Amino acid sequence: MTLEHDVDHATPAAAGHEWWRSAVIYQIYPRSFADSNGDGIGDLPGITSRLDSLAELGIDAMWLSPFMTSPQKDAGYDVADYCDVDPLFGTLEDFDDMLRAAHERGIRVIVDLVPNHSSDQHLWFQQALASAPGSRERARYIFRDGRGENGELPPNNWQSIFGGPAWTRVTDPDGVPGQWYLHLFDSSQPDFDWDNEEVKEEFRRILRFWLDRGVDGFRVDVAHGLVKDSQLPDYTPSPEAASMGGEETPAPYFEQAGVHEIYRDWHRILSEYDGDRALCGEAWVSSVEKMALWVRPDEMHQTFNFDYLMASWDEAELRDIIDRSLAAFSGVGAPSTWVLSNHDVVRHATRLSLTGENPQGTGIGPDFPGIPQYEDGVRRARAATTLMLALPGSSYLYQGEELGLDEVHDLPGEARQDPTWFRTQGERYGRDGCRVPLPWEDSAPAFGFSHTGESWLPQPKRWAPLARSVQAQQPASTLNLYRRLLQLRREADLGSGTLEWAPEFGSGVLAFRNSGVLVVANISGADVTLPDGHEVLATSTPIENRTVPRDVTVWLKEITHQ
Ligand code: NOJ
Ligand code: CA
């Protein structure tokens with residue numbers, strides 16, 4: 001336990017030392033992390049019981065995907081009560097216990113806030129359904145009359161990000177078909193109207209509720225989507241567009257100018273609190289220069305770098321996005337962030353080696369061509385992580401990547417639960433393959449995820465050797481690589497450093513210096529012979545004869561003679 005890092009909100013950080021600028025933030029997907037009561041769904045007491053393993057890993061903070069009251073139509077991204085814990089995950093008291101236990105171990109806690117839409121089970125939406133068109137209750141959401149003679153056509157042609165139309169028609173209390181409401185995601189996720197003062201005030205209250213409990217910040221879901229073009233014009237995304245956004249010409253429901261005023265307002269609220277509370281935006285916008293608009297000094301503190309996540313394992317592409325990210329974010333005084341995996345994308349132990357097209361949000365299934373051999377996929381993933389964790393700024397890890405977990409592409413159809421799978425009648429597999437519960441112990445039921453052996457998605461047998469208990473004993477395991485990298489990163493303070501390219505290693509190789517560490521990532525080049533006079537600090541895969549082959553990254557330190 002690292003008690004010396006104990007989180008203390010009462011001590012204001014010196015300017016320039018805000019923890020989030022260089023933090024390694026570990027994403028917990030609560031339903032798949034650890035299950036304490038054996039119902040097959042991970043929960044908050046499960047997280048508390050496993051915190052020592054996160055402290056040993058050496059992370060600075062954790063972000064929890066939603067655990068608030070929800071009918072779970074989109075795994076909790078459909079919130080019915082923003083200020084309570086879903087009984088599936090525990091109670092508010094369990095949350096307080098977890099927060100305290102994390103803080104005692106020096107781990108900060110960020111919670112997920114879902115302001116674009118609520119669940120259709122939210123009291124406000126139920127009231128809206130029971131109220132007349134034009135009422136105050138309906139004005140909190142986006143209700144419109146339909147087109148066509150009898151309003152039988154949706155108000156515009158927008159499609160849901162999960163497939164199918166983005167509008168659903170309601171039946172009025174008298175049984176007659178009525179207005180339509182907008183849902184960018186599932187029909188159980190109605191979008192709020194962010195021009196509405198009551199909506200704004202309610203979210204200020206929700207922020208304060210969690211800040212008062214002591215959270216260190218929020219990850220803001222669909223942070224580019226809250227404000228819609230008031231004309232609600234028809235719009236057809238280009239076929240290549242990533243499902244969550246990120247088009248050159250933004251959709252009329254993404255990247256609208258008014259969204260920034262909301263985060264300025266929230267920034268002011270966070271500033272009233274002691275400590276360094278932070279906002280991190282999930283803004284799927286492209287390019288990184290546009291992402292920087294979300295982290296101007298009076299807005300959010302961080303935003304996910306999705307261009308980095310989407311980059312292929314390609315030297316030129318990576319160099320370009322690293323350069324542009326550092327320039328764009330530092331241009332507004334924000335740290336760059338880096339991320340390779342999360343609960344919405346194919347795990348990077350698989351994704352970086354796929355040879356077929358894999359548009360974001362589509363997922364992969366058993367029929368996908370070009371799924372790599374596990375050993376090849378994880379070797380490249382380890383090289384990619386070893387590169388990422390040496391970059392200045394803040395990095396996000398997704399639970400299970402420290403075990404080298406790959407995508408479970410072969411889940412049986414009947415096990416799948418992502419609304420994308422249902423809304424496209426199985427045409428798109430969706431995201432379940434990266435959400436399979438973690439393997440903790442190789443020979444326990446459900447690999448130690450739950451004592452009963454229950455698991456809301458089946459775990460593949462091939463994961464037994466990847467269990468944390470096994471990897472903890474193996475010096476060269478992926479788990480021990482992550483531990484070593486995080487320890488070295490902290491010691492050398494790489495997160496606060498400056499990157500200087502080292503061009504002398506030839507094409508296909510990315511090499512740079514940061515805070516006295518020389519990083520050599522062989523992406524696709526010829527074998528690299530390491531320079532003399534350097535000590536090897538870490539290698540993503542063990543190397544021989546000081547030679548770095550493809551898909552291997554090493555960290556070196558110059559030997560100085562006294
Ligand atoms: C982004 C979240 O990461 C994803 O899991 C969710 O389905 C959508 N936003 C809708 O809330
Ligand atoms: Ca449980």
# chains A, B, ... in the order shown; residues from 1 in each chain; ligands from 1
>>> closest_atom_pairs(of="segment 84-175 of chain A", to="segment 197-212 of chain A", cutoff="10 Å", atoms="only C-alpha atoms", output="CSV")
residue,atom,partner,partner_atom,distance
A:Asp84,CA,A:Phe209,CA,9.9
A:Ile110,CA,A:Trp210,CA,9.8
A:Val111,CA,A:Trp210,CA,8.4
A:Leu113,CA,A:Leu207,CA,8.5
A:Val114,CA,A:Phe203,CA,9.8
A:Pro115,CA,A:Phe203,CA,7.4
A:Arg136,CA,A:Glu198,CA,9.5
A:Glu137,CA,A:Glu198,CA,10.0
A:Ala139,CA,A:Glu198,CA,9.3
A:Arg140,CA,A:Val199,CA,6.3
A:Tyr141,CA,A:Val199,CA,8.9
>>> residues_near_ligand(ligand="ligand 1", cutoff="6 Å", atoms="only C-alpha atoms and all ligand atoms", output="VMD selection string")
chain A and resid 74 77 221 to 222 344
>>> write_last_selection(atoms="N, CA, C and O atoms", output="PDB file, in the first residue's frame")
ATOM      1  N   ASP A  74     -28.431  -0.242 -21.807  1.00  0.00           N
ATOM      2  CA  ASP A  74     -27.136   0.002 -22.453  1.00  0.00           C
ATOM      3  C   ASP A  74     -26.055  -0.080 -21.372  1.00  0.00           C
ATOM      4  O   ASP A  74     -25.229   0.819 -21.229  1.00  0.00           O
ATOM      5  N   TYR A  77     -25.445   3.003 -19.257  1.00  0.00           N
ATOM      6  CA  TYR A  77     -25.397   4.317 -19.925  1.00  0.00           C
ATOM      7  C   TYR A  77     -26.826   4.810 -20.205  1.00  0.00           C
ATOM      8  O   TYR A  77     -27.048   5.661 -21.051  1.00  0.00           O
ATOM      9  N   ASP A 221     -19.894  11.542 -20.711  1.00  0.00           N
ATOM     10  CA  ASP A 221     -20.323  10.718 -21.839  1.00  0.00           C
ATOM     11  C   ASP A 221     -20.848  11.600 -22.989  1.00  0.00           C
ATOM     12  O   ASP A 221     -21.586  12.561 -22.753  1.00  0.00           O
ATOM     13  N   VAL A 222     -20.494  11.239 -24.211  1.00  0.00           N
ATOM     14  CA  VAL A 222     -20.968  11.947 -25.418  1.00  0.00           C
ATOM     15  C   VAL A 222     -20.838  13.466 -25.253  1.00  0.00           C
ATOM     16  O   VAL A 222     -21.783  14.224 -25.526  1.00  0.00           O
ATOM     17  N   ASP A 344     -15.792   0.345 -25.584  1.00  0.00           N
ATOM     18  CA  ASP A 344     -16.541   0.526 -26.830  1.00  0.00           C
ATOM     19  C   ASP A 344     -15.791   0.024 -28.060  1.00  0.00           C
ATOM     20  O   ASP A 344     -16.340   0.058 -29.161  1.00  0.00           O
TER      21      ASP A 344
END
>>> select_by_dssp(residues="segment 257-490 of chain A", states="strand (DSSP E or B)", output="PyMOL selection string")
chain A and resi 278-281+302-303+337-339+394-398
>>> write_last_selection(atoms="all heavy atoms", output="mmCIF file, in the first residue's frame")
data_model
loop_
_atom_site.group_PDB
_atom_site.id
_atom_site.type_symbol
_atom_site.label_atom_id
_atom_site.label_comp_id
_atom_site.auth_asym_id
_atom_site.auth_seq_id
_atom_site.Cartn_x
_atom_site.Cartn_y
_atom_site.Cartn_z
ATOM 1 N N ALA A 278 -11.496 17.097 -11.715
ATOM 2 C CA ALA A 278 -11.243 17.200 -13.162
ATOM 3 C C ALA A 278 -12.421 16.690 -13.990
ATOM 4 O O ALA A 278 -13.148 15.784 -13.580
ATOM 5 C CB ALA A 278 -9.992 16.402 -13.518
ATOM 6 N N LEU A 279 -12.568 17.286 -15.174
ATOM 7 C CA LEU A 279 -13.569 16.842 -16.145
ATOM 8 C C LEU A 279 -12.830 16.246 -17.335
ATOM 9 O O LEU A 279 -11.920 16.881 -17.874
ATOM 10 C CB LEU A 279 -14.372 18.034 -16.670
ATOM 11 C CG LEU A 279 -15.332 18.732 -15.723
ATOM 12 C CD1 LEU A 279 -15.800 20.045 -16.364
ATOM 13 C CD2 LEU A 279 -16.531 17.838 -15.419
ATOM 14 N N CYS A 280 -13.218 15.047 -17.714
ATOM 15 C CA CYS A 280 -12.640 14.463 -18.920
ATOM 16 C C CYS A 280 -13.748 14.176 -19.916
ATOM 17 O O CYS A 280 -14.706 13.463 -19.607
ATOM 18 C CB CYS A 280 -11.887 13.176 -18.600
ATOM 19 S SG CYS A 280 -11.234 12.429 -20.106
ATOM 20 N N GLY A 281 -13.625 14.739 -21.097
ATOM 21 C CA GLY A 281 -14.700 14.623 -22.079
ATOM 22 C C GLY A 281 -14.538 13.437 -23.002
ATOM 23 O O GLY A 281 -13.444 13.188 -23.518
ATOM 24 N N GLN A 302 -9.395 17.450 -19.500
ATOM 25 C CA GLN A 302 -8.845 16.449 -20.425
ATOM 26 C C GLN A 302 -9.927 16.052 -21.415
ATOM 27 O O GLN A 302 -11.117 16.170 -21.126
ATOM 28 C CB GLN A 302 -8.532 15.155 -19.681
ATOM 29 C CG GLN A 302 -7.383 15.166 -18.748
ATOM 30 C CD GLN A 302 -7.112 13.739 -18.299
ATOM 31 O OE1 GLN A 302 -7.991 12.885 -18.316
ATOM 32 N NE2 GLN A 302 -5.894 13.488 -17.905
ATOM 33 N N THR A 303 -9.484 15.512 -22.530
ATOM 34 C CA THR A 303 -10.430 14.852 -23.426
ATOM 35 C C THR A 303 -9.734 13.619 -24.000
ATOM 36 O O THR A 303 -8.507 13.601 -24.133
ATOM 37 C CB THR A 303 -10.922 15.826 -24.520
ATOM 38 O OG1 THR A 303 -11.960 15.210 -25.252
ATOM 39 C CG2 THR A 303 -9.817 16.242 -25.463
ATOM 40 N N THR A 337 -3.780 13.436 -23.890
ATOM 41 C CA THR A 337 -4.084 12.128 -23.307
ATOM 42 C C THR A 337 -3.800 11.082 -24.376
ATOM 43 O O THR A 337 -3.686 11.399 -25.565
ATOM 44 C CB THR A 337 -5.554 12.005 -22.878
ATOM 45 O OG1 THR A 337 -6.379 12.141 -24.030
ATOM 46 C CG2 THR A 337 -5.916 13.047 -21.828
ATOM 47 N N TRP A 338 -3.702 9.839 -23.907
ATOM 48 C CA TRP A 338 -3.413 8.718 -24.813
ATOM 49 C C TRP A 338 -4.263 7.541 -24.366
ATOM 50 O O TRP A 338 -4.462 7.337 -23.159
ATOM 51 C CB TRP A 338 -1.924 8.350 -24.733
ATOM 52 C CG TRP A 338 -1.025 9.548 -24.791
ATOM 53 C CD1 TRP A 338 -0.396 10.154 -23.737
ATOM 54 C CD2 TRP A 338 -0.670 10.323 -25.951
ATOM 55 N NE1 TRP A 338 0.329 11.243 -24.167
ATOM 56 C CE2 TRP A 338 0.183 11.367 -25.531
ATOM 57 C CE3 TRP A 338 -0.988 10.223 -27.311
ATOM 58 C CZ2 TRP A 338 0.712 12.312 -26.405
ATOM 59 C CZ3 TRP A 338 -0.450 11.167 -28.185
ATOM 60 C CH2 TRP A 338 0.388 12.191 -27.730
ATOM 61 N N VAL A 339 -4.760 6.792 -25.303
ATOM 62 C CA VAL A 339 -5.616 5.659 -24.957
ATOM 63 C C VAL A 339 -5.587 4.652 -26.094
ATOM 64 O O VAL A 339 -5.506 5.025 -27.269
ATOM 65 C CB VAL A 339 -7.065 6.152 -24.657
ATOM 66 C CG1 VAL A 339 -7.675 6.891 -25.847
ATOM 67 C CG2 VAL A 339 -7.983 5.012 -24.214
ATOM 68 N N SER A 394 -1.255 12.304 -20.014
ATOM 69 C CA SER A 394 -2.001 11.369 -19.167
ATOM 70 C C SER A 394 -2.457 10.184 -20.018
ATOM 71 O O SER A 394 -2.868 10.370 -21.154
ATOM 72 C CB SER A 394 -3.203 12.122 -18.593
ATOM 73 O OG SER A 394 -4.062 11.252 -17.919
ATOM 74 N N SER A 395 -2.367 8.976 -19.458
ATOM 75 C CA SER A 395 -2.744 7.792 -20.226
ATOM 76 C C SER A 395 -3.905 7.060 -19.573
ATOM 77 O O SER A 395 -3.986 6.979 -18.351
ATOM 78 C CB SER A 395 -1.566 6.822 -20.315
ATOM 79 O OG SER A 395 -0.688 7.235 -21.319
ATOM 80 N N TYR A 396 -4.750 6.530 -20.407
ATOM 81 C CA TYR A 396 -5.885 5.728 -19.944
ATOM 82 C C TYR A 396 -5.638 4.256 -20.244
ATOM 83 O O TYR A 396 -5.224 3.901 -21.346
ATOM 84 C CB TYR A 396 -7.170 6.176 -20.648
ATOM 85 C CG TYR A 396 -7.784 7.387 -19.987
ATOM 86 C CD1 TYR A 396 -7.304 8.658 -20.229
ATOM 87 C CD2 TYR A 396 -8.824 7.244 -19.071
ATOM 88 C CE1 TYR A 396 -7.849 9.774 -19.601
ATOM 89 C CE2 TYR A 396 -9.375 8.344 -18.439
ATOM 90 C CZ TYR A 396 -8.889 9.601 -18.708
ATOM 91 O OH TYR A 396 -9.430 10.684 -18.071
ATOM 92 N N LEU A 397 -5.899 3.416 -19.247
ATOM 93 C CA LEU A 397 -5.830 1.958 -19.427
ATOM 94 C C LEU A 397 -7.237 1.405 -19.235
ATOM 95 O O LEU A 397 -8.019 1.957 -18.457
ATOM 96 C CB LEU A 397 -4.906 1.330 -18.377
ATOM 97 C CG LEU A 397 -3.482 1.872 -18.276
ATOM 98 C CD1 LEU A 397 -2.736 1.165 -17.139
ATOM 99 C CD2 LEU A 397 -2.735 1.667 -19.604
ATOM 100 N N TYR A 398 -7.542 0.337 -19.898
ATOM 101 C CA TYR A 398 -8.861 -0.298 -19.755
ATOM 102 C C TYR A 398 -8.692 -1.646 -19.073
ATOM 103 O O TYR A 398 -7.833 -2.446 -19.470
ATOM 104 C CB TYR A 398 -9.492 -0.465 -21.147
ATOM 105 C CG TYR A 398 -10.793 -1.230 -21.147
ATOM 106 C CD1 TYR A 398 -11.834 -0.899 -20.274
ATOM 107 C CD2 TYR A 398 -10.989 -2.300 -22.020
ATOM 108 C CE1 TYR A 398 -13.032 -1.598 -20.280
ATOM 109 C CE2 TYR A 398 -12.190 -3.000 -22.038
ATOM 110 C CZ TYR A 398 -13.202 -2.654 -21.163
ATOM 111 O OH TYR A 398 -14.377 -3.347 -21.165
#
>>> residues_near_ligand(ligand="ligand 2", cutoff="8 Å", atoms="only C-alpha atoms and all ligand atoms", output="mmCIF file with N, CA and C atoms, in the first residue's frame")
data_model
loop_
_atom_site.group_PDB
_atom_site.id
_atom_site.type_symbol
_atom_site.label_atom_id
_atom_site.label_comp_id
_atom_site.auth_asym_id
_atom_site.auth_seq_id
_atom_site.Cartn_x
_atom_site.Cartn_y
_atom_site.Cartn_z
ATOM 1 N N ARG A 31 -19.455 -3.877 -14.135
ATOM 2 C CA ARG A 31 -20.169 -5.160 -14.231
ATOM 3 C C ARG A 31 -19.236 -6.320 -14.602
ATOM 4 N N ALA A 34 -15.275 -7.349 -10.720
ATOM 5 C CA ALA A 34 -15.280 -8.391 -9.680
ATOM 6 C C ALA A 34 -16.662 -8.436 -9.036
ATOM 7 N N ASP A 35 -17.175 -9.645 -8.885
ATOM 8 C CA ASP A 35 -18.550 -9.846 -8.394
ATOM 9 C C ASP A 35 -18.491 -10.360 -6.960
ATOM 10 N N SER A 36 -19.035 -9.609 -6.008
ATOM 11 C CA SER A 36 -18.910 -10.019 -4.597
ATOM 12 C C SER A 36 -20.033 -10.948 -4.148
ATOM 13 N N ASN A 37 -21.214 -10.871 -4.773
ATOM 14 C CA ASN A 37 -22.343 -11.651 -4.244
ATOM 15 C C ASN A 37 -22.744 -12.820 -5.132
ATOM 16 N N GLY A 38 -21.947 -13.076 -6.171
ATOM 17 C CA GLY A 38 -22.148 -14.306 -6.936
ATOM 18 C C GLY A 38 -23.290 -14.292 -7.927
ATOM 19 N N ASP A 39 -23.853 -13.109 -8.238
ATOM 20 C CA ASP A 39 -24.947 -13.089 -9.216
ATOM 21 C C ASP A 39 -24.443 -12.982 -10.662
ATOM 22 N N GLY A 40 -23.114 -12.953 -10.819
ATOM 23 C CA GLY A 40 -22.557 -12.936 -12.182
ATOM 24 C C GLY A 40 -22.332 -11.541 -12.724
ATOM 25 N N ILE A 41 -22.637 -10.523 -11.891
ATOM 26 C CA ILE A 41 -22.433 -9.144 -12.332
ATOM 27 C C ILE A 41 -21.509 -8.449 -11.331
ATOM 28 N N GLY A 42 -20.455 -7.887 -11.816
ATOM 29 C CA GLY A 42 -19.507 -7.199 -10.938
ATOM 30 C C GLY A 42 -20.200 -6.083 -10.174
ATOM 31 N N ASP A 43 -19.642 -5.695 -9.025
ATOM 32 C CA ASP A 43 -20.312 -4.709 -8.180
ATOM 33 C C ASP A 43 -19.287 -3.897 -7.386
ATOM 34 N N GLY A 46 -17.172 -5.649 -4.844
ATOM 35 C CA GLY A 46 -16.172 -6.430 -5.588
ATOM 36 C C GLY A 46 -14.955 -5.564 -5.913
ATOM 37 N N LEU A 88 -28.010 -3.537 -8.337
ATOM 38 C CA LEU A 88 -27.137 -4.517 -8.970
ATOM 39 C C LEU A 88 -25.679 -4.322 -8.534
ATOM 40 N N PHE A 89 -25.307 -3.074 -8.332
ATOM 41 C CA PHE A 89 -23.917 -2.748 -8.005
ATOM 42 C C PHE A 89 -23.692 -2.476 -6.522
ATOM 43 N N SER A 450 -16.451 -14.461 -9.828
ATOM 44 C CA SER A 450 -17.524 -14.634 -8.845
ATOM 45 C C SER A 450 -17.373 -16.011 -8.214
#
>>> residues_around(residues="Arg213 of chain A", least_positions_apart="5", cutoff="10 Å", atoms="only C-alpha atoms", output="JSON, numbers by chain")
{"A": [92, 95, 96, 99, 208]}
>>> residues_around(residues="segment 460-468 of chain A", least_positions_apart="5", cutoff="6 Å", atoms="only C-alpha atoms", output="count of residues only")
4
>>> select_by_dssp(residues="segment 240-412 of chain A", states="helix (DSSP H, G or I)", output="MDAnalysis selection string")
chainID A and resid 259:271 288:295 306:310 315:331 348:351 374:388 401:403
>>> residues_around(residues="Ala132 of chain A", least_positions_apart="6", cutoff="10 Å", atoms="only C-alpha atoms", output="list in words")
Arg138, Asp172, Pro173, Gly178 and Gln179 of chain A
>>> atom_distance(atom1="atom CA of Pro503 of chain A", atom2="atom CA of Trp313 of chain A")
18.3 Å
>>> residues_around(residues="Ala521 of chain A", least_positions_apart="4", cutoff="8 Å", atoms="only C-alpha atoms", output="PyMOL selection string")
chain A and resi 383+387+509-511+551-554
>>> write_last_selection(atoms="all heavy atoms", output="PDB file, in the first residue's frame")
ATOM      1  N   ALA A 383       3.980  -3.817 -27.254  1.00  0.00           N
ATOM      2  CA  ALA A 383       4.861  -2.800 -27.832  1.00  0.00           C
ATOM      3  C   ALA A 383       4.142  -1.450 -27.880  1.00  0.00           C
ATOM      4  O   ALA A 383       4.727  -0.394 -27.595  1.00  0.00           O
ATOM      5  CB  ALA A 383       5.302  -3.219 -29.228  1.00  0.00           C
ATOM      6  N   LEU A 387       5.117   1.962 -25.781  1.00  0.00           N
ATOM      7  CA  LEU A 387       5.280   3.263 -26.440  1.00  0.00           C
ATOM      8  C   LEU A 387       4.381   4.308 -25.763  1.00  0.00           C
ATOM      9  O   LEU A 387       4.820   5.387 -25.369  1.00  0.00           O
ATOM     10  CB  LEU A 387       4.920   3.114 -27.924  1.00  0.00           C
ATOM     11  CG  LEU A 387       4.713   4.378 -28.745  1.00  0.00           C
ATOM     12  CD1 LEU A 387       6.004   5.203 -28.786  1.00  0.00           C
ATOM     13  CD2 LEU A 387       4.297   4.027 -30.174  1.00  0.00           C
ATOM     14  N   VAL A 509      10.813   2.941 -37.499  1.00  0.00           N
ATOM     15  CA  VAL A 509      11.105   2.957 -36.057  1.00  0.00           C
ATOM     16  C   VAL A 509      10.722   4.320 -35.499  1.00  0.00           C
ATOM     17  O   VAL A 509      11.028   5.352 -36.094  1.00  0.00           O
ATOM     18  CB  VAL A 509      12.615   2.714 -35.809  1.00  0.00           C
ATOM     19  CG1 VAL A 509      12.936   2.760 -34.312  1.00  0.00           C
ATOM     20  CG2 VAL A 509      13.037   1.377 -36.408  1.00  0.00           C
ATOM     21  N   LEU A 510      10.035   4.305 -34.348  1.00  0.00           N
ATOM     22  CA  LEU A 510       9.737   5.559 -33.648  1.00  0.00           C
ATOM     23  C   LEU A 510      10.655   5.616 -32.447  1.00  0.00           C
ATOM     24  O   LEU A 510      10.605   4.709 -31.601  1.00  0.00           O
ATOM     25  CB  LEU A 510       8.304   5.558 -33.128  1.00  0.00           C
ATOM     26  CG  LEU A 510       7.172   6.014 -34.029  1.00  0.00           C
ATOM     27  CD1 LEU A 510       5.882   6.061 -33.222  1.00  0.00           C
ATOM     28  CD2 LEU A 510       7.461   7.376 -34.635  1.00  0.00           C
ATOM     29  N   ALA A 511      11.475   6.648 -32.351  1.00  0.00           N
ATOM     30  CA  ALA A 511      12.368   6.743 -31.198  1.00  0.00           C
ATOM     31  C   ALA A 511      12.358   8.172 -30.685  1.00  0.00           C
ATOM     32  O   ALA A 511      12.273   9.125 -31.466  1.00  0.00           O
ATOM     33  CB  ALA A 511      13.782   6.320 -31.585  1.00  0.00           C
ATOM     34  N   ASP A 551       7.703  -4.966 -33.731  1.00  0.00           N
ATOM     35  CA  ASP A 551       6.680  -5.167 -32.703  1.00  0.00           C
ATOM     36  C   ASP A 551       7.276  -5.264 -31.302  1.00  0.00           C
ATOM     37  O   ASP A 551       6.729  -5.956 -30.438  1.00  0.00           O
ATOM     38  CB  ASP A 551       5.820  -6.415 -32.992  1.00  0.00           C
ATOM     39  CG  ASP A 551       4.929  -6.233 -34.202  1.00  0.00           C
ATOM     40  OD1 ASP A 551       4.699  -5.073 -34.608  1.00  0.00           O
ATOM     41  OD2 ASP A 551       4.452  -7.247 -34.744  1.00  0.00           O
ATOM     42  N   VAL A 552       8.406  -4.591 -31.106  1.00  0.00           N
ATOM     43  CA  VAL A 552       8.995  -4.537 -29.767  1.00  0.00           C
ATOM     44  C   VAL A 552       9.391  -3.090 -29.469  1.00  0.00           C
ATOM     45  O   VAL A 552       9.890  -2.380 -30.344  1.00  0.00           O
ATOM     46  CB  VAL A 552      10.237  -5.457 -29.656  1.00  0.00           C
ATOM     47  CG1 VAL A 552      10.922  -5.286 -28.301  1.00  0.00           C
ATOM     48  CG2 VAL A 552       9.838  -6.925 -29.851  1.00  0.00           C
ATOM     49  N   THR A 553       9.115  -2.667 -28.241  1.00  0.00           N
ATOM     50  CA  THR A 553       9.519  -1.332 -27.780  1.00  0.00           C
ATOM     51  C   THR A 553      10.416  -1.490 -26.564  1.00  0.00           C
ATOM     52  O   THR A 553      10.129  -2.320 -25.685  1.00  0.00           O
ATOM     53  CB  THR A 553       8.281  -0.493 -27.394  1.00  0.00           C
ATOM     54  OG1 THR A 553       7.410  -0.399 -28.519  1.00  0.00           O
ATOM     55  CG2 THR A 553       8.670   0.906 -26.935  1.00  0.00           C
ATOM     56  N   VAL A 554      11.481  -0.689 -26.504  1.00  0.00           N
ATOM     57  CA  VAL A 554      12.359  -0.744 -25.320  1.00  0.00           C
ATOM     58  C   VAL A 554      12.531   0.658 -24.743  1.00  0.00           C
ATOM     59  O   VAL A 554      12.429   1.662 -25.452  1.00  0.00           O
ATOM     60  CB  VAL A 554      13.760  -1.336 -25.639  1.00  0.00           C
ATOM     61  CG1 VAL A 554      13.657  -2.745 -26.159  1.00  0.00           C
ATOM     62  CG2 VAL A 554      14.506  -0.471 -26.641  1.00  0.00           C
TER      63      VAL A 554
END
>>> residues_around(residues="Leu326 of chain A", least_positions_apart="5", cutoff="9 Å", atoms="only C-alpha atoms", output="list in words")
Ile321, Gly331, Pro335, Ser336, Pro392, Gly393 and Leu499 of chain A
>>> closest_residue(among="A:Asn156, A:Thr478, A:Ser188, A:Asn522", to="Leu318 of chain A", atoms="only C-alpha atoms")
A:Asn522
>>> closest_residue(among="A:Gln459, A:Ser312, A:His103, A:Glu261", to="Ala446 of chain A", atoms="only C-alpha atoms")
A:Gln459
